[in-house]
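Participant: Handing over run.pdb, PDB, C-alpha atoms.
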```pdb
ATOM      1  CA  MET A   1     -54.704  30.953 306.706
ATOM      2  CA  LYS A   2     -52.920  30.649 309.998
ATOM      3  CA  ARG A   3     -56.206  31.374 311.802
ATOM      4  CA  TYR A   4     -57.917  28.474 309.978
ATOM      5  CA  PHE A   5     -55.023  26.161 310.801
ATOM      6  CA  LEU A   6     -55.302  27.009 314.508
ATOM      7  CA  PHE A   7     -59.076  26.486 314.363
ATOM      8  CA  PHE A   8     -58.757  23.009 312.838
ATOM      9  CA  ALA A   9     -55.969  22.094 315.257
ATOM     10  CA  LEU A  10     -58.212  23.089 318.172
ATOM     11  CA  CYS A  11     -61.116  21.034 316.764
ATOM     12  CA  ALA A  12     -58.830  18.027 316.366
ATOM     13  CA  SER A  13     -57.656  18.357 319.968
ATOM     14  CA  VAL A  14     -61.211  18.561 321.265
ATOM     15  CA  PHE A  15     -62.233  15.544 319.156
ATOM     16  CA  ALA A  16     -59.227  13.559 320.407
ATOM     17  CA  PHE A  17     -60.101  14.463 324.006
ATOM     18  CA  ILE A  18     -63.715  13.358 323.585
ATOM     19  CA  SER A  19     -62.663  10.168 321.809
ATOM     20  CA  CYS A  20     -60.184   9.333 324.552
ATOM     21  CA  LYS A  21     -62.745  10.057 327.231
ATOM     22  CA  ASP A  22     -65.259   7.716 325.580
ATOM     23  CA  SER A  23     -62.794   5.009 324.606
ATOM     24  CA  GLU A  24     -63.706   1.441 325.536
ATOM     25  CA  VAL A  25     -61.679  -0.635 327.969
ATOM     26  CA  PHE A  26     -61.784  -4.199 329.225
ATOM     27  CA  VAL A  27     -62.102  -4.769 332.941
ATOM     28  CA  LEU A  28     -62.728  -7.539 335.413
ATOM     29  CA  GLN A  29     -65.860  -6.448 337.253
ATOM     30  CA  ASN A  30     -68.054  -7.601 340.110
ATOM     31  CA  ILE A  31     -71.510  -8.034 338.568
ATOM     32  CA  PRO A  32     -74.557  -8.656 340.809
ATOM     33  CA  PHE A  33     -76.323 -11.949 340.077
ATOM     34  CA  GLU A  34     -79.443 -10.178 338.788
ATOM     35  CA  ALA A  35     -77.450  -8.112 336.285
ATOM     36  CA  PHE A  36     -75.251 -11.033 335.199
ATOM     37  CA  PHE A  37     -78.118 -13.427 334.483
ATOM     38  CA  ALA A  38     -80.598 -10.853 333.115
ATOM     39  CA  SER A  39     -79.397 -11.474 329.548
ATOM     40  CA  GLU A  40     -78.446 -15.129 330.042
ATOM     41  CA  ALA A  41     -81.259 -16.974 331.825
ATOM     42  CA  GLU A  42     -84.964 -16.849 332.718
ATOM     43  CA  GLN A  43     -84.160 -17.785 336.328
ATOM     44  CA  PHE A  44     -81.114 -18.337 338.513
ATOM     45  CA  ASP A  45     -80.459 -19.851 341.913
ATOM     46  CA  ALA A  46     -78.038 -18.267 344.421
ATOM     47  CA  LEU A  47     -77.225 -18.880 348.073
ATOM     48  CA  ALA A  48     -78.681 -15.957 350.028
ATOM     49  CA  SER A  49     -77.882 -16.903 353.633
ATOM     50  CA  PRO A  50     -74.539 -15.874 355.230
ATOM     51  CA  THR A  51     -71.817 -18.526 355.171
ATOM     52  CA  GLN A  52     -68.052 -18.491 355.558
ATOM     53  CA  LYS A  53     -67.883 -20.683 352.448
ATOM     54  CA  ALA A  54     -68.540 -17.501 350.448
ATOM     55  CA  ALA A  55     -65.125 -16.299 351.662
ATOM     56  CA  ASN A  56     -63.314 -19.545 350.832
ATOM     57  CA  GLY A  57     -61.636 -19.047 347.465
ATOM     58  CA  GLN A  58     -60.975 -22.742 347.024
ATOM     59  CA  LEU A  59     -64.748 -23.250 346.993
ATOM     60  CA  SER A  60     -66.234 -20.030 345.664
ATOM     61  CA  TYR A  61     -63.664 -17.866 343.841
ATOM     62  CA  GLY A  62     -65.316 -16.372 340.762
ATOM     63  CA  SER A  63     -68.170 -15.190 342.934
ATOM     64  CA  PHE A  64     -67.726 -12.168 345.212
ATOM     65  CA  HIS A  65     -68.765 -11.016 348.673
ATOM     66  CA  GLU A  66     -68.217  -7.853 350.709
ATOM     67  CA  LYS A  67     -65.538  -7.959 353.402
ATOM     68  CA  LYS A  68     -66.882  -8.812 356.862
ATOM     69  CA  GLU A  69     -65.119  -8.827 360.223
ATOM     70  CA  ASP A  70     -66.707 -12.214 360.835
ATOM     71  CA  VAL A  71     -66.288 -14.351 357.710
ATOM     72  CA  LYS A  72     -69.278 -16.432 358.808
ATOM     73  CA  GLN A  73     -71.428 -13.426 357.858
ATOM     74  CA  SER A  74     -70.184 -13.367 354.267
ATOM     75  CA  THR A  75     -72.934 -13.479 351.641
ATOM     76  CA  PHE A  76     -72.706 -14.259 347.921
ATOM     77  CA  GLU A  77     -73.552 -11.159 345.880
ATOM     78  CA  GLY A  78     -72.617 -11.903 342.288
ATOM     79  CA  ILE A  79     -70.036 -13.022 339.743
ATOM     80  CA  THR A  80     -66.676 -11.535 338.711
ATOM     81  CA  PHE A  81     -66.348 -11.524 334.922
ATOM     82  CA  PRO A  82     -64.571  -9.660 332.073
ATOM     83  CA  VAL A  83     -66.501  -6.647 330.765
ATOM     84  CA  LYS A  84     -66.126  -4.236 327.830
ATOM     85  CA  ILE A  85     -67.190  -0.768 328.953
ATOM     86  CA  LYS A  86     -66.816   2.886 327.960
ATOM     87  CA  MET A  87     -64.342   4.782 330.110
ATOM     88  CA  SER A  88     -66.903   7.554 330.632
ATOM     89  CA  THR A  89     -69.396   4.982 331.973
ATOM     90  CA  LEU A  90     -66.749   3.385 334.180
ATOM     91  CA  LYS A  91     -65.885   6.700 335.815
ATOM     92  CA  LYS A  92     -69.526   7.190 336.829
ATOM     93  CA  ILE A  93     -69.471   4.039 338.952
ATOM     94  CA  SER A  94     -68.902   4.778 342.626
ATOM     95  CA  SER A  95     -67.005   1.575 343.382
ATOM     96  CA  PRO A  96     -63.291   1.010 343.937
ATOM     97  CA  GLU A  97     -60.708   0.224 341.264
ATOM     98  CA  PHE A  98     -58.029  -2.344 342.030
ATOM     99  CA  THR A  99     -54.569  -2.606 340.461
ATOM    100  CA  ASP A 100     -51.578  -4.923 340.729
ATOM    101  CA  GLU A 101     -50.354  -2.660 343.535
ATOM    102  CA  SER A 102     -53.494  -3.156 345.630
ATOM    103  CA  GLU A 103     -52.979  -4.671 349.060
ATOM    104  CA  VAL A 104     -52.207  -8.292 349.838
ATOM    105  CA  PHE A 105     -54.824  -9.659 352.208
ATOM    106  CA  GLU A 106     -55.626 -12.919 353.979
ATOM    107  CA  ILE A 107     -58.891 -14.741 354.602
ATOM    108  CA  THR A 108     -59.071 -17.502 357.200
ATOM    109  CA  THR A 109     -61.987 -19.925 357.122
ATOM    110  CA  SER A 110     -62.685 -23.037 359.151
ATOM    111  CA  ILE A 111     -64.230 -26.178 357.674
ATOM    112  CA  LYS A 112     -64.845 -29.249 359.818
ATOM    113  CA  GLY A 113     -62.785 -27.678 362.582
ATOM    114  CA  LYS A 114     -59.726 -27.120 360.388
ATOM    115  CA  ASP A 115     -58.544 -23.545 359.749
ATOM    116  CA  SER A 116     -57.390 -22.572 356.267
ATOM    117  CA  THR A 117     -55.719 -19.254 355.416
ATOM    118  CA  VAL A 118     -55.380 -18.074 351.816
ATOM    119  CA  ARG A 119     -53.493 -14.909 350.719
ATOM    120  CA  TYR A 120     -54.775 -12.782 347.833
ATOM    121  CA  SER A 121     -53.396  -9.760 345.949
ATOM    122  CA  GLY A 122     -54.024  -7.338 343.064
ATOM    123  CA  LYS A 123     -57.155  -8.125 341.070
ATOM    124  CA  GLN A 124     -57.995 -10.839 343.597
ATOM    125  CA  ASN A 125     -59.190  -8.010 345.873
ATOM    126  CA  LEU A 126     -62.395  -8.219 343.829
ATOM    127  CA  PHE A 127     -63.188 -11.451 345.678
ATOM    128  CA  GLN A 128     -64.071  -9.486 348.833
ATOM    129  CA  SER A 129     -65.243  -6.185 347.404
ATOM    130  CA  LYS A 130     -68.463  -4.343 346.522
ATOM    131  CA  LYS A 131     -70.552  -4.756 343.411
ATOM    132  CA  TRP A 132     -69.299  -2.890 340.328
ATOM    133  CA  SER A 133     -65.693  -2.901 341.678
ATOM    134  CA  TYR A 134     -63.249  -3.387 338.821
ATOM    135  CA  TYR A 135     -59.699  -4.083 337.646
ATOM    136  CA  ILE A 136     -58.547  -2.767 334.238
ATOM    137  CA  LEU A 137     -57.206  -5.533 331.976
ATOM    138  CA  ASP A 138     -54.148  -5.129 329.735
ATOM    139  CA  GLU A 139     -55.586  -7.029 326.793
ATOM    140  CA  GLU A 140     -58.857  -8.145 325.264
ATOM    141  CA  PRO A 141     -60.169 -11.335 326.924
ATOM    142  CA  LYS A 142     -61.505 -14.288 324.933
ATOM    143  CA  PHE A 143     -64.944 -13.899 326.523
ATOM    144  CA  TYR A 144     -66.669 -10.866 327.993
ATOM    145  CA  LYS A 145     -69.937  -9.014 328.472
ATOM    146  CA  GLU A 146     -70.594  -5.534 327.101
ATOM    147  CA  ALA A 147     -71.815  -2.975 329.636
ATOM    148  CA  PHE A 148     -74.226  -0.159 328.819
ATOM    149  CA  ILE A 149     -76.596   2.222 330.568
ATOM    150  CA  SER A 150     -80.279   1.274 330.303
ATOM    151  CA  ASN A 151     -82.983   3.296 332.088
ATOM    152  CA  GLY A 152     -80.334   4.858 334.286
ATOM    153  CA  SER A 153     -78.869   1.524 335.401
ATOM    154  CA  LEU A 154     -75.841  -0.482 334.359
ATOM    155  CA  SER A 155     -76.843  -3.464 332.211
ATOM    156  CA  TYR A 156     -74.933  -6.193 330.407
ATOM    157  CA  SER A 157     -75.117  -8.078 327.114
ATOM    158  CA  LYS A 158     -74.969 -11.817 326.665
ATOM    159  CA  ILE A 159     -71.485 -13.274 326.904
ATOM    160  CA  LYS A 160     -69.467 -12.487 323.765
ATOM    161  CA  GLY A 161     -67.066 -15.078 322.332
ATOM    162  CA  GLU A 162     -67.196 -18.488 320.701
ATOM    163  CA  LYS A 163     -67.930 -21.255 323.194
ATOM    164  CA  LYS A 164     -65.655 -24.304 323.262
ATOM    165  CA  ASN A 165     -67.180 -27.755 322.826
ATOM    166  CA  LEU A 166     -66.407 -30.224 325.619
ATOM    167  CA  GLY A 167     -67.732 -33.133 323.572
ATOM    168  CA  THR A 168     -69.773 -35.870 325.231
ATOM    169  CA  LEU A 169     -69.985 -35.640 329.021
ATOM    170  CA  TYR A 170     -70.600 -38.611 331.290
ATOM    171  CA  ILE A 171     -72.978 -37.643 334.074
ATOM    172  CA  ALA A 172     -73.693 -39.815 337.088
ATOM    173  CA  LYS A 173     -76.637 -39.157 339.415
ATOM    174  CA  LYS A 174     -75.698 -39.503 343.082
ATOM    175  CA  GLU A 175     -77.727 -42.019 345.040
ATOM    176  CA  ASN A 176     -77.448 -39.961 348.241
ATOM    177  CA  PRO A 177     -77.287 -36.168 347.674
ATOM    178  CA  LYS A 178     -74.904 -34.439 350.078
ATOM    179  CA  HIS A 179     -75.401 -30.736 349.410
ATOM    180  CA  THR A 180     -79.066 -30.330 348.425
ATOM    181  CA  GLN A 181     -82.452 -31.747 349.350
ATOM    182  CA  GLY A 182     -83.048 -32.851 345.793
ATOM    183  CA  SER A 183     -80.937 -34.205 342.928
ATOM    184  CA  GLU A 184     -77.161 -34.093 342.508
ATOM    185  CA  TYR A 185     -74.887 -35.124 339.647
ATOM    186  CA  VAL A 186     -71.160 -35.686 339.120
ATOM    187  CA  VAL A 187     -69.736 -34.711 335.708
ATOM    188  CA  TYR A 188     -67.052 -36.858 334.088
ATOM    189  CA  THR A 189     -65.210 -36.324 330.821
ATOM    190  CA  ASP A 190     -64.960 -39.995 329.880
ATOM    191  CA  GLU A 191     -66.232 -43.433 330.737
ATOM    192  CA  GLY A 192     -63.007 -43.952 332.661
ATOM    193  CA  LYS A 193     -64.533 -41.646 335.264
ATOM    194  CA  THR A 194     -62.181 -38.650 335.019
ATOM    195  CA  THR A 195     -64.038 -35.830 336.740
ATOM    196  CA  LEU A 196     -64.493 -32.579 334.854
ATOM    197  CA  LYS A 197     -61.726 -30.091 335.667
ATOM    198  CA  PHE A 198     -61.022 -26.753 334.006
ATOM    199  CA  ASN A 199     -57.437 -25.916 333.093
ATOM    200  CA  ASP A 200     -57.750 -22.164 333.632
ATOM    201  CA  ALA A 201     -57.871 -22.072 337.429
ATOM    202  CA  GLU A 202     -56.216 -19.077 339.112
ATOM    203  CA  TYR A 203     -53.808 -19.346 342.030
ATOM    204  CA  SER A 204     -53.467 -17.267 345.189
ATOM    205  CA  VAL A 205     -50.249 -15.626 346.390
ATOM    206  CA  ASP A 206     -49.420 -18.692 348.491
ATOM    207  CA  GLY A 207     -50.094 -21.133 345.657
ATOM    208  CA  SER A 208     -53.575 -22.326 346.632
ATOM    209  CA  GLU A 209     -55.659 -23.394 343.642
ATOM    210  CA  LEU A 210     -58.788 -21.253 343.521
ATOM    211  CA  ASN A 211     -62.190 -22.349 342.276
ATOM    212  CA  ALA A 212     -62.401 -21.944 338.483
ATOM    213  CA  LEU A 213     -66.126 -22.344 337.822
ATOM    214  CA  ASN A 214     -68.235 -19.159 338.007
ATOM    215  CA  ALA A 215     -71.618 -20.393 336.792
ATOM    216  CA  VAL A 216     -73.436 -23.013 334.729
ATOM    217  CA  LEU A 217     -76.253 -22.300 332.268
ATOM    218  CA  VAL A 218     -78.725 -25.156 331.849
ATOM    219  CA  GLU A 219     -80.733 -25.033 328.616
ATOM    220  CA  THR A 220     -83.810 -27.281 328.680
ATOM    221  CA  SER A 221     -85.780 -28.804 325.805
ATOM    222  CA  ASP A 222     -88.608 -26.273 326.277
ATOM    223  CA  GLY A 223     -86.240 -23.467 325.292
ATOM    224  CA  LYS A 224     -85.635 -22.032 328.767
ATOM    225  CA  ILE A 225     -82.267 -21.369 330.392
ATOM    226  CA  TYR A 226     -81.539 -21.572 334.124
ATOM    227  CA  GLY A 227     -78.483 -20.212 335.941
ATOM    228  CA  LEU A 228     -76.637 -22.252 338.563
ATOM    229  CA  THR A 229     -74.168 -20.678 341.013
ATOM    230  CA  ASN A 230     -71.401 -21.650 343.430
ATOM    231  CA  LEU A 231     -72.341 -23.621 346.548
ATOM    232  CA  LYS A 232     -76.059 -23.255 345.912
ATOM    233  CA  ASN A 233     -75.912 -25.562 342.897
ATOM    234  CA  LEU A 234     -72.224 -26.050 342.024
ATOM    235  CA  PHE A 235     -69.805 -28.050 344.154
ATOM    236  CA  ARG A 236     -66.129 -29.033 343.820
ATOM    237  CA  GLY A 237     -66.039 -27.822 340.208
ATOM    238  CA  CYS A 238     -67.450 -31.099 338.860
ATOM    239  CA  GLU A 239     -70.788 -31.518 340.670
ATOM    240  CA  PHE A 240     -74.123 -29.739 340.390
ATOM    241  CA  GLY A 241     -77.526 -30.129 341.967
ATOM    242  CA  PHE A 242     -80.795 -28.461 342.904
ATOM    243  CA  SER A 243     -83.610 -28.762 345.415
ATOM    244  CA  ALA A 244     -86.687 -30.911 344.881
ATOM    245  CA  ASP A 245     -88.883 -27.825 344.315
ATOM    246  CA  SER A 246     -86.559 -26.312 341.692
ATOM    247  CA  PRO A 247     -88.102 -25.415 338.299
ATOM    248  CA  LEU A 248     -85.442 -27.706 336.801
ATOM    249  CA  ALA A 249     -86.956 -30.819 338.361
ATOM    250  CA  GLY A 250     -88.394 -33.076 335.644
ATOM    251  CA  LYS A 251     -86.888 -31.036 332.784
ATOM    252  CA  THR A 252     -84.890 -32.502 329.895
ATOM    253  CA  VAL A 253     -81.475 -30.904 329.407
ATOM    254  CA  LYS A 254     -80.624 -29.706 325.907
ATOM    255  CA  SER A 255     -77.192 -28.279 326.764
ATOM    256  CA  LEU A 256     -74.910 -27.299 329.635
ATOM    257  CA  THR A 257     -72.697 -24.200 329.423
ATOM    258  CA  PHE A 258     -69.842 -23.860 331.917
ATOM    259  CA  VAL A 259     -68.651 -20.295 332.587
ATOM    260  CA  THR A 260     -65.163 -19.870 334.068
ATOM    261  CA  GLY A 261     -63.162 -16.697 334.617
ATOM    262  CA  LYS A 262     -61.363 -17.065 331.273
ATOM    263  CA  ASN A 263     -63.391 -19.409 329.067
ATOM    264  CA  VAL A 264     -66.875 -20.643 328.245
ATOM    265  CA  TRP A 265     -67.421 -24.338 327.520
ATOM    266  CA  TYR A 266     -70.517 -26.281 326.495
ATOM    267  CA  SER A 267     -71.860 -29.762 325.812
ATOM    268  CA  ASP A 268     -75.085 -31.004 324.265
ATOM    269  CA  SER A 269     -74.223 -34.706 324.387
ATOM    270  CA  PHE A 270     -74.628 -36.782 327.552
ATOM    271  CA  VAL A 271     -74.140 -40.374 328.669
ATOM    272  CA  LEU A 272     -75.937 -41.050 331.947
ATOM    273  CA  GLY A 273     -75.181 -43.255 334.906
ATOM    274  CA  GLU A 274     -75.346 -43.650 338.681
ATOM    275  CA  SER A 275     -72.961 -42.989 341.544
ATOM    276  CA  LYS A 276     -73.254 -45.055 344.737
ATOM    277  CA  LYS A 277     -71.219 -45.519 347.880
ATOM    278  CA  ILE A 278     -70.669 -49.132 348.861
ATOM    279  CA  ASP A 279     -68.571 -49.854 351.953
ATOM    280  CA  GLY A 280     -67.235 -46.311 351.823
ATOM    281  CA  LYS A 281     -66.119 -46.613 348.207
ATOM    282  CA  THR A 282     -67.698 -44.655 345.354
ATOM    283  CA  ILE A 283     -68.942 -46.902 342.554
ATOM    284  CA  VAL A 284     -69.901 -45.266 339.258
ATOM    285  CA  LYS A 285     -71.729 -47.151 336.537
ATOM    286  CA  PHE A 286     -72.936 -45.767 333.207
ATOM    287  CA  ASN A 287     -76.133 -47.157 331.753
ATOM    288  CA  ALA A 288     -75.188 -46.842 328.089
ATOM    289  CA  THR A 289     -72.277 -46.064 325.789
ATOM    290  CA  ALA A 290     -74.157 -43.701 323.471
ATOM    291  CA  PRO A 291     -75.629 -40.267 324.321
ATOM    292  CA  VAL A 292     -79.248 -40.220 325.499
ATOM    293  CA  ASP A 293     -81.830 -37.655 326.609
ATOM    294  CA  PHE A 294     -80.812 -36.106 329.933
ATOM    295  CA  LEU A 295     -83.913 -36.012 332.145
ATOM    296  CA  LEU A 296     -83.378 -34.237 335.476
TER     297      LEU A 296
END
```
Kindly transcribe the structure held in the file into structure tokens.
Facilitator:
Amino acid sequence: MKRYFLFFALCASVFAFISCKDSEVFVLQNIPFEAFFASEAEQFDALASPTQKAANGQLSYGSFHEKKEDVKQSTFEGITFPVKIKMSTLKKISSPEFTDESEVFEITTSIKGKDSTVRYSGKQNLFQSKKWSYYILDEEPKFYKEAFISNGSLSYSKIKGEKKNLGTLYIAKKENPKHTQGSEYVVYTDEGKTTLKFNDAEYSVDGSELNALNAVLVETSDGKIYGLTNLKNLFRGCEFGFSADSPLAGKTVKSLTFVTGKNVWYSDSFVLGESKKIDGKTIVKFNATAPVDFLL
């Protein structure tokens, strides 16, 4: 009898060990653009050329780049986002783990001749780290992707979680695009011209407000979805645009989904208008008071 008891106790220990080893955890992880958008969109647009703006957290936090001695050589590589993953899969990834005890570091960038230094710590190390780098979260996030191995590579599900409805958005087309050689739009939350701003922005060690918007998914009336990314298509958290030769040109928007580090928001109702600069002052005028088709 004692022998059987020892046998079952041993089996239980082995089972507990295997279960623990294969338990699932939630992490913040650096996901390459291709892997992030593979389950979300038919196409995506990302800035491929080196730019110090990739290292400026006030403009591009939520994306990641590898650390460079010269920040002007920084290149966007992907998006940092919550992930549900098996511990056994996580341990196979040859990329660093960051904790709250990870180093505090500084990044200095220069825009229009003015230097700006921002200090980061803990999980914020992901901002200047390699793909697949991760930080283990203490609790389940509201939104996440599930990671799994497919054909020997790490793949990801669509974003899990119930999207929040932003209601009707007021979108003004800029008369003179500043960032792209195509079309640009400013997003407002009301006719009173309050620009769209997300309330889940993260802050650096020194109190600088970091960019909150990671990506935007544009669903068009033909059933396709396109991914927009920081500084290639997304600017100042409330503006987006694309080049004249983009596959989005001439499409009708069915919905816009805004992906931040903590939430996912959407709208399928739009009032359209125009934004002009007259004598140095921005004048915004909406063409109607009721939602209409949004033709890009």
Participant: Nearest residue to Ser39 in chain A out of A:Asp70, A:Glu146, A:Glu24, A:Glu103, using all atoms listed in the file?
Facilitator: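 Of all the options, A:Glu146 lies closest to Ser39 in chain A.
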Participant: What would the selection look like, as a JSON list (two decimals) with C-alpha atoms, in the frame of the given file, if the PyMOL selection byres ((chain A and resi 75) around 6) were run on the coordinates I just shared?
Facilitator:
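Now in part-v1.json:
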```
[["chain", "number", "residue", "atom", "x", "y", "z"],
["A", 50, "PRO", "CA", -74.54, -15.87, 355.23],
["A", 65, "HIS", "CA", -68.76, -11.02, 348.67],
["A", 74, "SER", "CA", -70.18, -13.37, 354.27],
["A", 76, "PHE", "CA", -72.71, -14.26, 347.92]]
```
Participant: Within 6 Å of (-72.4, -44.5, 332.8) (file coordinates; all atoms listed in the file), which protein or nucleic acid residues are there? I'd like them as a list in words.
Facilitator: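 In the file's frame, the residues around the point are Leu272, Gly273, Lys285, Phe286, Asn287 and Ala288 of chain A.
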Participant: Evaluate the PyMOL selection byres ((chain A and resi 31) around 9) and record the selected residues as a ChimeraX atom specification, following the chain and residue labels used in the document.
Facilitator: /A:29-30,32-36,64,77-81,131-133
Participant: Residues as selected, C-alpha atoms, written as a short mmCIF file (atom, residue, chain, number, x, y, z; two decimals), keeping the file's coordinate frame, can you do that?
Facilitator:
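This is the output file selection_15.cif:
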```cif
data_model
loop_
_atom_site.label_atom_id
_atom_site.label_comp_id
_atom_site.auth_asym_id
_atom_site.auth_seq_id
_atom_site.Cartn_x
_atom_site.Cartn_y
_atom_site.Cartn_z
CA GLN A 29 -65.86 -6.45 337.25
CA ASN A 30 -68.05 -7.60 340.11
CA PRO A 32 -74.56 -8.66 340.81
CA PHE A 33 -76.32 -11.95 340.08
CA GLU A 34 -79.44 -10.18 338.79
CA ALA A 35 -77.45 -8.11 336.28
CA PHE A 36 -75.25 -11.03 335.20
CA PHE A 64 -67.73 -12.17 345.21
CA GLU A 77 -73.55 -11.16 345.88
CA GLY A 78 -72.62 -11.90 342.29
CA ILE A 79 -70.04 -13.02 339.74
CA THR A 80 -66.68 -11.54 338.71
CA PHE A 81 -66.35 -11.52 334.92
CA LYS A 131 -70.55 -4.76 343.41
CA TRP A 132 -69.30 -2.89 340.33
CA SER A 133 -65.69 -2.90 341.68
#
```
Participant: Using all atoms listed in the file for the distances, tell me which of A:Thr289, A:Ser246, A:Ser221, A:Ser88 is nearest to Asp190 in chain A.
Facilitator: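 Once distances to Asp190 in chain A are computed over all atoms listed in the file, the minimum belongs to A:Thr289.
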Participant: Leaving out Tyr203 in chain A and any residue of its chain fewer than 2 positions from it, which residues lie within 12 Å of it when counting only C-alpha atoms, given as an MDAnalysis selection string?
Facilitator: chainID A and resid 57:58 61:62 118:121 123:124 199:201 205:212
Participant: Any chance you can output those residues with C-alpha atoms as a PDB file, keeping the file's coordinate frame?
Facilitator:
```
ATOM      1  CA  GLY A  57     -61.636 -19.047 347.465  1.00  0.00           C
ATOM      2  CA  GLN A  58     -60.975 -22.742 347.024  1.00  0.00           C
ATOM      3  CA  TYR A  61     -63.664 -17.866 343.841  1.00  0.00           C
ATOM      4  CA  GLY A  62     -65.316 -16.372 340.762  1.00  0.00           C
ATOM      5  CA  VAL A 118     -55.380 -18.074 351.816  1.00  0.00           C
ATOM      6  CA  ARG A 119     -53.493 -14.909 350.719  1.00  0.00           C
ATOM      7  CA  TYR A 120     -54.775 -12.782 347.833  1.00  0.00           C
ATOM      8  CA  SER A 121     -53.396  -9.760 345.949  1.00  0.00           C
ATOM      9  CA  LYS A 123     -57.155  -8.125 341.070  1.00  0.00           C
ATOM     10  CA  GLN A 124     -57.995 -10.839 343.597  1.00  0.00           C
ATOM     11  CA  ASN A 199     -57.437 -25.916 333.093  1.00  0.00           C
ATOM     12  CA  ASP A 200     -57.750 -22.164 333.632  1.00  0.00           C
ATOM     13  CA  ALA A 201     -57.871 -22.072 337.429  1.00  0.00           C
ATOM     14  CA  VAL A 205     -50.249 -15.626 346.390  1.00  0.00           C
ATOM     15  CA  ASP A 206     -49.420 -18.692 348.491  1.00  0.00           C
ATOM     16  CA  GLY A 207     -50.094 -21.133 345.657  1.00  0.00           C
ATOM     17  CA  SER A 208     -53.575 -22.326 346.632  1.00  0.00           C
ATOM     18  CA  GLU A 209     -55.659 -23.394 343.642  1.00  0.00           C
ATOM     19  CA  LEU A 210     -58.788 -21.253 343.521  1.00  0.00           C
ATOM     20  CA  ASN A 211     -62.190 -22.349 342.276  1.00  0.00           C
ATOM     21  CA  ALA A 212     -62.401 -21.944 338.483  1.00  0.00           C
TER      22      ALA A 212
END
```
Participant: Could you jot down the CA of Lys130 in chain A to CA of Leu154 in chain A separation for me, Å, one decimal place?
Facilitator: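 Calculated distance between CA of Lys130 in chain A and CA of Leu154 in chain A is 14.7 Å.
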Participant: Give me the residues within 10 Å of Lys160 in chain A as a count of residues only, counting only C-alpha atoms and dropping any in the same chain fewer than 3 places off.
Facilitator: 11
Participant: Using all atoms listed in the file, which residues sit within 12 Å of Asn176 in chain A once same-chain residues fewer than 4 positions away are excluded, as a PDB file with C-alpha atoms, in the frame of the given file?
Facilitator:
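Output file around01.pdb is given in full below:
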```pdb
ATOM      1  CA  ALA A 172     -73.693 -39.815 337.088  1.00  0.00           C
ATOM      2  CA  THR A 180     -79.066 -30.330 348.425  1.00  0.00           C
ATOM      3  CA  GLN A 181     -82.452 -31.747 349.350  1.00  0.00           C
ATOM      4  CA  GLY A 182     -83.048 -32.851 345.793  1.00  0.00           C
ATOM      5  CA  SER A 183     -80.937 -34.205 342.928  1.00  0.00           C
ATOM      6  CA  GLU A 184     -77.161 -34.093 342.508  1.00  0.00           C
ATOM      7  CA  TYR A 185     -74.887 -35.124 339.647  1.00  0.00           C
ATOM      8  CA  VAL A 186     -71.160 -35.686 339.120  1.00  0.00           C
ATOM      9  CA  GLY A 241     -77.526 -30.129 341.967  1.00  0.00           C
ATOM     10  CA  GLU A 274     -75.346 -43.650 338.681  1.00  0.00           C
ATOM     11  CA  SER A 275     -72.961 -42.989 341.544  1.00  0.00           C
ATOM     12  CA  LYS A 276     -73.254 -45.055 344.737  1.00  0.00           C
ATOM     13  CA  LYS A 277     -71.219 -45.519 347.880  1.00  0.00           C
ATOM     14  CA  ILE A 278     -70.669 -49.132 348.861  1.00  0.00           C
ATOM     15  CA  THR A 282     -67.698 -44.655 345.354  1.00  0.00           C
TER      16      THR A 282
END
```
Participant: From the list A:Thr220, A:Gln52, A:Thr189, A:Leu137, which residue is nearest Gly250 in chain A when using all atoms listed in the file?
Facilitator: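 Under the stated criterion, the closest residue is A:Thr220.
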Participant: Which polymer residues have any atom within 9 Å of an atom of Leu90 in chain A, counting only C-alpha atoms, with same-chain residues fewer than 5 positions away left out, as a CSV table (one decimal) with C-alpha atoms, in the frame of the given file?
Facilitator:
```csv
chain,number,residue,atom,x,y,z
A,25,VAL,CA,-61.7,-0.6,328.0
A,85,ILE,CA,-67.2,-0.8,329.0
A,134,TYR,CA,-63.2,-3.4,338.8
```
Participant: Starting from the block above, write range 82-86 of chain A out to a file with N, CA, C and O atoms, as a CSV table (one decimal), in the first residue's frame, please.
Facilitator:
```
chain,number,residue,atom,x,y,z
A,82,PRO,N,0.9,43.6,-25.1
A,82,PRO,CA,0.7,42.5,-24.2
A,82,PRO,C,0.5,41.2,-24.9
A,82,PRO,O,-0.2,41.1,-26.0
A,83,VAL,N,1.0,40.1,-24.4
A,83,VAL,CA,1.0,38.8,-25.0
A,83,VAL,C,0.7,37.7,-24.0
A,83,VAL,O,1.3,37.7,-22.9
A,84,LYS,N,-0.1,36.7,-24.3
A,84,LYS,CA,-0.3,35.5,-23.5
A,84,LYS,C,0.5,34.4,-24.1
A,84,LYS,O,0.3,34.1,-25.3
A,85,ILE,N,1.4,33.8,-23.4
A,85,ILE,CA,2.3,32.8,-23.9
A,85,ILE,C,2.7,31.7,-22.9
A,85,ILE,O,2.6,32.0,-21.7
A,86,LYS,N,2.9,30.5,-23.4
A,86,LYS,CA,3.3,29.5,-22.5
A,86,LYS,C,4.8,29.7,-22.0
A,86,LYS,O,5.6,30.2,-22.8
```
